[in-house]
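Asker: Quick one: structure below, then a few questions.
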Amino acid sequence: LNPLRNAVSVVTLITIVGVTLGVAAMITVLSIMNGLEKEIKGRILGFSPHVTVDYVPTESGLQSMEEWRPLAEELTQLDGVESSYGLVEDYLILEYFSAQMPVNFRAVDTSNERQVQDLEKLLDLEKFPESSADMGYEYEAVISSGLAENVGLKVGDTFSLYSGRNLQSVKASYDQLEHTPVKEAFLAELEATKSIFLNKEGLAEDGRELYLIDQVGEAYETLSLILQSKIRDTEREVIEQILLDLESIAPEPGKEDLPERYLPAGWGATQVSAVDSLLTLDIEASDNASLREIKELVLPREITVRGVYRSSVHVRSPEIFVPLEVGQELAGLEGAVQSVALRLDKPFEAAQFAEDLREKTPSDRRVITWMDHYGAWFELIAREQMMMSFVFLILIVIVVFCSGAVMFTVTLQKKQEIGVMKALGATEEQIMSVFLIQGVVIGFIGAVCGVALGLLTLVNRGAIQAMLAAFGADPFPAAFHGVNAIPVEYSAVKMIVIGIGAFILCILAAAVPAVFASRNDPARSLRGL
């Protein structure tokens, strides 16, 4: 350990310090990574449902659940279910003064106390002490700290929300303005249809009008083709009404096979009038009326900020939480929800719970867990942990190789002493044991000091972070990670494994030079060769 008989062996000290720093760095980084993962999971489980039940998506999209409350009550009775509620989430356009940006929202059932309490735990009371999650049924919202900082919102401010579904309706209405009017695109077809309604085959004694079924069918086919074209809503309504009248024609009992039908008096005049309304439609007035309806359709909802919660770039969280009734209105669901969400007593057993629930669920519904939603995200974190472990493992191996190099140096410095010991009868095993004991001492002291230094660093991480932040080198900025203090999860098992691993590697590093030392020729060693 002190080959040159100095007061302190610098070489041995450097080796021990290297092992200590390698073990301490690995323990510190892995504990912080585990703490960050735990923090992320805690945040996700704080606002996300543990299990959701909805309809299997079709080609037309996700089907809403109209009668969802009976299903929610039924699911609440299952073992392990803490509560259930309706889930609504969608994208909106936020406007605040001159700022406009797309945001995603999630509706909160404010009658569900647990859901409100979980949201309360996420509030950023340090920067926004007046924050609250008690939104009631009003047009109020809890927004993310990221949104608050980007737009400049604070508690009490009011912003506007435009529904994305409204924008689709606006686009459809404006597209209609480009359509060629029916009276221009299908003038000949409308005139032919009108002539069919005018040309009655005769009248009954009670004034009923006689029409041939083939001619009525021809009019129906013509109007159906027009309906499939790109036309205005006002024109569509008129044509659909005429088609309904044609579909309602029923034969008299016992006369089903006759080629003609007697229809009520004035029936033809009614249909002619409808066709005339298409031929004389004031297109400009119709378009102006459609634009006025758009103004009513896209009126924004004024929302007041009730609270701000701490968000993190590590967690995909909604930027806005609103009451369920407001969310249903913004999403255009009118009392329906997108899915029924469940919160479990044991959220980490959600996979098994979902598997059991799928066996009882109809085939047109699907069951999704929070692990399914965020599986890729947690897989990324796990890979980051693996890579960090690999990097620091390499660091420890490098330190161990350095320790082995030191042992080789010691064998050269102690060459003559080794020769004397062998000349006096020392066996190869005794020579090897000397250097192996050196590896044991270095590995033990380095591992113990490394674990102690790692724990000391983790316990005082706040002071270390503050000191580094004072020099502008904050390694864990709260604005980025969404937490005020560096998260840590202590794992005694992992610390012991890391310490023992470093200790064993140091012994192995000492074994190689020990073998070479034990095989030195005594005569050559005594002559210093």
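Each chain in the structure tokens gets a letter, A, B, ..., in the order shown, and its residues are numbered from 1; ligands are numbered from 1 in order too.
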Got a sec: who's within 12 Å of Ile283 of chain A, counting only C-alpha atoms, leaving out chain neighbours fewer than 2 positions off, as a list in words?

Answerer: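 Here the qualifying residues turn out to be Gln176, Leu177, Glu178, His179, Thr180, Pro181, Val182, Lys183, Glu184, Ile231, Arg232, Asp233, Thr234, Glu235, Ser277, Leu278, Leu279, Thr280, Leu281, Ala285, Ser286, Asp287, Asn288, Ala289 and Ser290 of chain A.
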
Asker: Now that the selection is made, can you save its residues with C-alpha atoms as a tab-separated table (two decimals), in the first residue's frame?

Answerer:
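In the end it all went to selection.tsv:
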chain	number	residue	atom	x	y	z
A	176	GLN	CA	-69.99	25.88	-49.80
A	177	LEU	CA	-69.58	29.43	-51.04
A	178	GLU	CA	-67.45	28.05	-53.87
A	179	HIS	CA	-70.10	25.53	-54.99
A	180	THR	CA	-72.01	26.21	-58.19
A	181	PRO	CA	-75.69	26.89	-57.37
A	182	VAL	CA	-78.03	24.01	-58.11
A	183	LYS	CA	-80.17	26.19	-60.39
A	184	GLU	CA	-77.12	26.67	-62.62
A	231	ILE	CA	-74.37	21.81	-52.89
A	232	ARG	CA	-75.30	24.37	-50.25
A	233	ASP	CA	-77.03	23.37	-47.00
A	234	THR	CA	-80.12	25.43	-47.85
A	235	GLU	CA	-80.44	23.60	-51.17
A	277	SER	CA	-87.60	27.64	-54.49
A	278	LEU	CA	-84.41	26.04	-55.77
A	279	LEU	CA	-84.71	27.79	-59.13
A	280	THR	CA	-85.37	31.20	-57.57
A	281	LEU	CA	-83.05	30.89	-54.54
A	285	ALA	CA	-78.80	36.08	-49.23
A	286	SER	CA	-78.38	32.35	-48.54
A	287	ASP	CA	-74.60	32.71	-48.24
A	288	ASN	CA	-74.93	35.71	-45.94
A	289	ALA	CA	-77.29	33.75	-43.69
A	290	SER	CA	-74.75	30.90	-43.54

Asker: So that I can check the surroundings of segment 97-99 of chain A, please list as a JSON list (two decimals) with N, CA, C and O atoms, in the first residue's frame every protein, DNA and RNA residue that reaches within 12 Å of it, counting only C-alpha atoms and ignoring chain neighbours fewer than 6 positions away.

Answerer:
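What follows is the written file part.json:
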[["chain", "number", "residue", "atom", "x", "y", "z"],
["A", 147, "LEU", "N", -47.78, 26.65, -19.83],
["A", 147, "LEU", "CA", -48.69, 27.53, -20.57],
["A", 147, "LEU", "C", -48.72, 28.92, -19.94],
["A", 147, "LEU", "O", -48.72, 29.94, -20.65],
["A", 150, "ASN", "N", -45.51, 30.70, -20.95],
["A", 150, "ASN", "CA", -45.41, 31.00, -22.39],
["A", 150, "ASN", "C", -46.33, 32.14, -22.81],
["A", 150, "ASN", "O", -45.97, 32.96, -23.65],
["A", 151, "VAL", "N", -47.53, 32.16, -22.24],
["A", 151, "VAL", "CA", -48.53, 33.15, -22.67],
["A", 151, "VAL", "C", -48.56, 34.36, -21.73],
["A", 151, "VAL", "O", -49.00, 35.44, -22.11],
["A", 152, "GLY", "N", -48.10, 34.18, -20.48],
["A", 152, "GLY", "CA", -48.14, 35.28, -19.52],
["A", 152, "GLY", "C", -49.41, 35.31, -18.70],
["A", 152, "GLY", "O", -49.82, 36.38, -18.24],
["A", 153, "LEU", "N", -50.03, 34.14, -18.50],
["A", 153, "LEU", "CA", -51.26, 34.08, -17.72],
["A", 153, "LEU", "C", -50.96, 33.92, -16.24],
["A", 153, "LEU", "O", -49.93, 33.35, -15.85],
["A", 157, "ASP", "N", -56.78, 35.75, -14.48],
["A", 157, "ASP", "CA", -56.83, 36.22, -15.86],
["A", 157, "ASP", "C", -57.89, 35.44, -16.64],
["A", 157, "ASP", "O", -58.26, 34.32, -16.28],
["A", 158, "THR", "N", -58.36, 36.05, -17.71],
["A", 158, "THR", "CA", -59.37, 35.42, -18.57],
["A", 158, "THR", "C", -58.83, 35.29, -19.98],
["A", 158, "THR", "O", -58.24, 36.23, -20.52],
["A", 159, "PHE", "N", -59.03, 34.13, -20.57],
["A", 159, "PHE", "CA", -58.61, 33.90, -21.95],
["A", 159, "PHE", "C", -59.77, 33.26, -22.72],
["A", 159, "PHE", "O", -60.78, 32.86, -22.12],
["A", 160, "SER", "N", -59.62, 33.18, -24.03],
["A", 160, "SER", "CA", -60.68, 32.64, -24.89],
["A", 160, "SER", "C", -60.27, 31.30, -25.46],
["A", 160, "SER", "O", -59.09, 31.08, -25.78],
["A", 161, "LEU", "N", -61.24, 30.41, -25.59],
["A", 161, "LEU", "CA", -61.02, 29.11, -26.19],
["A", 161, "LEU", "C", -61.95, 28.92, -27.38],
["A", 161, "LEU", "O", -63.15, 29.13, -27.28]]

Asker: Would you mind telling me which residue in A:Ala517, A:Met387, A:Leu393, A:Leu357 lies nearest to Asp79 of chain A when using only C-alpha atoms?

Answerer: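 Once distances to Asp79 of chain A are computed over only C-alpha atoms, the minimum belongs to A:Leu357.
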
Asker: Here is a test: counting only C-alpha atoms, which residue of A:Met371, A:Val17, A:Ala354, A:Leu395 is nearest to Gly443 of chain A?

Answerer: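 Of the candidates, the smallest distance to Gly443 of chain A is held by A:Val17.
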
Asker: Pull the helix (DSSP H, G or I) assignments for segment 81-267 of chain A out of DSSP run on the backbone, and list those residues as an MDAnalysis selection string.

Answerer: chainID A and resid 113:121 145:151 164:176 182:185 187:198 213:227 233:247 267

Asker: Provide the atom CA of Met388 of chain A to atom CA of Val19 of chain A distance in Å, to one decimal place.

Answerer: 17.3 Å

Asker: Where does DSSP see strand (DSSP E) in segment 324-385 of chain A, if you list the residues as an MDAnalysis selection string?

Answerer: chainID A and resid 339:344 365:369

Asker: Taking 3 positions as the minimum chain separation for residues in the same chain, which residues sit within 8 Å of Gly454 of chain A when counting only C-alpha atoms? Answer as a PyMOL selection string.

Answerer: chain A and resi 23-25+27-28+450-451+457-458

Asker: Find the residues around Glu247 of chain A up to 12 Å (only C-alpha atoms counted), leave out those fewer than 2 positions away in its own chain, and share them as a list in words.

Answerer: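 Final neighbour list, sorted by chain and number: Ile213, Val216, Gly217, Ala219, Tyr220, Glu221, Ser224, Glu240, Gln241, Ile242, Leu243, Leu244, Asp245, Ile249, Ala250 and Pro251 of chain A.
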
Asker: Would you mind telling me which residue in A:Phe197, A:Asp109, A:Val53, A:Arg310 lies nearest to Glu209 of chain A when using only C-alpha atoms?

Answerer: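 With only C-alpha atoms as the atom set, the closest residue is A:Phe197.
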
Asker: For the atom pair atom CA of Asp276 of chain A and atom CA of Asp214 of chain A, what is the interatomic distance in Å to one decimal place?

Answerer: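 Computing the Euclidean distance for atom CA of Asp276 of chain A and atom CA of Asp214 of chain A yields 22.2 Å.
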
Asker: Each residue of segment 143-162 of chain A lying at most 9 Å from segment 123-134 of chain A should get a row with its shortest atom-to-atom pair and the distance in Å to one decimal, counting only C-alpha atoms; could you produce that, ordered by chain and increasing number, as a Markdown table?

Answerer:
| residue | atom | partner | partner_atom | distance |
| --- | --- | --- | --- | --- |
| A:Ser144 | CA | A:Leu123 | CA | 8.9 |
| A:Ser145 | CA | A:Asp124 | CA | 7.6 |
| A:Lys154 | CA | A:Phe128 | CA | 7.6 |
| A:Val155 | CA | A:Ser131 | CA | 6.5 |

Asker: What's around Ser31 of chain A at 8 Å? Count only C-alpha atoms, leave out sequence neighbours fewer than 3 positions away in its own chain, and write the answer as a compact mmCIF listing (two decimals) with N, CA and C atoms, in the first residue's frame.

Answerer:
# COMPACT_ATOMS: atom_id res chain seq x y z
N ILE A 27 -23.99 5.68 -7.88
CA ILE A 27 -25.09 5.67 -6.91
C ILE A 27 -25.91 6.96 -7.02
N THR A 28 -25.24 8.09 -7.15
CA THR A 28 -25.94 9.38 -7.21
C THR A 28 -26.82 9.47 -8.46
N ASN A 34 -33.90 7.14 -10.78
CA ASN A 34 -35.03 6.40 -10.19
C ASN A 34 -36.02 7.35 -9.54
N GLY A 35 -35.49 8.40 -8.88
CA GLY A 35 -36.37 9.38 -8.27
C GLY A 35 -37.17 10.15 -9.31
N VAL A 488 -35.22 11.98 -5.63
CA VAL A 488 -34.30 10.88 -5.33
C VAL A 488 -35.10 9.71 -4.78
N GLU A 489 -34.71 8.52 -5.17
CA GLU A 489 -35.27 7.31 -4.58
C GLU A 489 -34.10 6.47 -4.06
N TYR A 490 -34.07 6.30 -2.74
CA TYR A 490 -33.00 5.53 -2.13
C TYR A 490 -33.30 4.04 -2.27
N SER A 491 -32.30 3.30 -2.72
CA SER A 491 -32.44 1.84 -2.85
C SER A 491 -31.21 1.19 -2.21

Asker: Per residue of segment 14-133 of chain A within 9 Å of segment 396-401 of chain A, what are the shortest atom pair and its distance in Å to one decimal, counting only C-alpha atoms, with rows by chain and residue number, as a Markdown table?

Answerer:
| residue | atom | partner | partner_atom | distance |
| --- | --- | --- | --- | --- |
| A:Thr15 | CA | A:Val399 | CA | 7.3 |
| A:Gly18 | CA | A:Val399 | CA | 5.8 |
| A:Val19 | CA | A:Val399 | CA | 6.0 |
| A:Leu21 | CA | A:Ile396 | CA | 8.7 |
| A:Gly22 | CA | A:Ile396 | CA | 5.2 |
| A:Val23 | CA | A:Ile396 | CA | 7.0 |
| A:Met26 | CA | A:Ile396 | CA | 8.6 |

Asker: Export all heavy atoms of the chosen residues as a CSV table (one decimal), in the first residue's frame?

Answerer:
chain,number,residue,atom,x,y,z
A,15,THR,N,-5.8,5.7,-6.3
A,15,THR,CA,-6.6,4.6,-6.6
A,15,THR,C,-7.9,4.5,-5.8
A,15,THR,O,-9.0,4.2,-6.3
A,15,THR,CB,-5.8,3.3,-6.5
A,15,THR,OG1,-4.6,3.4,-7.2
A,15,THR,CG2,-6.6,2.1,-6.9
A,18,GLY,N,-10.2,7.2,-6.8
A,18,GLY,CA,-10.9,6.8,-8.1
A,18,GLY,C,-12.0,5.9,-7.9
A,18,GLY,O,-13.1,6.1,-8.5
A,19,VAL,N,-11.8,4.8,-7.1
A,19,VAL,CA,-12.9,3.9,-6.9
A,19,VAL,C,-14.0,4.6,-6.1
A,19,VAL,O,-15.2,4.3,-6.4
A,19,VAL,CB,-12.4,2.7,-6.1
A,19,VAL,CG1,-13.5,1.7,-5.7
A,19,VAL,CG2,-11.3,1.9,-6.9
A,21,LEU,N,-14.9,7.8,-6.1
A,21,LEU,CA,-15.7,8.7,-7.0
A,21,LEU,C,-16.6,7.9,-8.0
A,21,LEU,O,-17.7,8.3,-8.3
A,21,LEU,CB,-14.7,9.6,-7.8
A,21,LEU,CG,-14.0,10.6,-6.9
A,21,LEU,CD1,-13.0,11.4,-7.7
A,21,LEU,CD2,-15.0,11.5,-6.1
A,22,GLY,N,-16.0,6.8,-8.5
A,22,GLY,CA,-16.8,6.0,-9.5
A,22,GLY,C,-18.1,5.4,-8.9
A,22,GLY,O,-19.1,5.5,-9.4
A,23,VAL,N,-17.9,4.9,-7.6
A,23,VAL,CA,-19.1,4.3,-6.9
A,23,VAL,C,-20.0,5.4,-6.6
A,23,VAL,O,-21.3,5.2,-6.7
A,23,VAL,CB,-18.6,3.5,-5.7
A,23,VAL,CG1,-19.8,3.1,-4.8
A,23,VAL,CG2,-17.8,2.3,-6.1
A,26,MET,N,-22.0,6.7,-9.6
A,26,MET,CA,-23.0,5.7,-10.1
A,26,MET,C,-24.2,5.7,-9.2
A,26,MET,O,-25.4,5.7,-9.6
A,26,MET,CB,-22.4,4.3,-10.2
A,26,MET,CG,-23.2,3.3,-11.0
A,26,MET,SD,-22.3,1.8,-11.4
A,26,MET,CE,-23.5,1.0,-12.5

Asker: With only C-alpha atoms as the counted atoms, please give the residues lying no more than 12 Å from Glu355 of chain A, apart from itself and same-chain residues fewer than 2 positions off, as JSON, numbers by chain.

Answerer: {"A": [51, 349, 350, 351, 352, 353, 357, 358, 359, 360, 361, 366, 367, 368, 369]}

Asker: Filtering to C-alpha atoms, could you give me those residues as a tab-separated table (two decimals), in the first residue's frame?

Answerer:
chain	number	residue	atom	x	y	z
A	51	VAL	CA	-57.93	2.40	-16.78
A	349	GLU	CA	-51.68	-3.62	-10.91
A	350	ALA	CA	-53.72	-1.99	-13.68
A	351	ALA	CA	-52.48	-4.45	-16.33
A	352	GLN	CA	-53.91	-7.47	-14.51
A	353	PHE	CA	-57.12	-5.60	-13.69
A	357	LEU	CA	-62.04	-6.68	-17.26
A	358	ARG	CA	-61.55	-7.46	-20.97
A	359	GLU	CA	-62.98	-10.93	-20.41
A	360	LYS	CA	-66.24	-9.33	-19.20
A	361	THR	CA	-66.34	-6.49	-21.75
A	366	ARG	CA	-61.77	-1.68	-25.50
A	367	VAL	CA	-59.93	-1.43	-22.18
A	368	ILE	CA	-56.72	0.65	-21.98
A	369	THR	CA	-54.40	1.15	-19.00

Asker: Could you jot down the atom CA of Leu92 of chain A to atom CA of Tyr374 of chain A separation for me, Å, one decimal place?

Answerer: 22.4 Å

Asker: Between A:Tyr211, A:Phe348, A:Phe471, A:Phe516, single out the one closest to Thr411 of chain A, counting only C-alpha atoms.

Answerer: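 Once distances to Thr411 of chain A are computed over only C-alpha atoms, the minimum belongs to A:Phe516.
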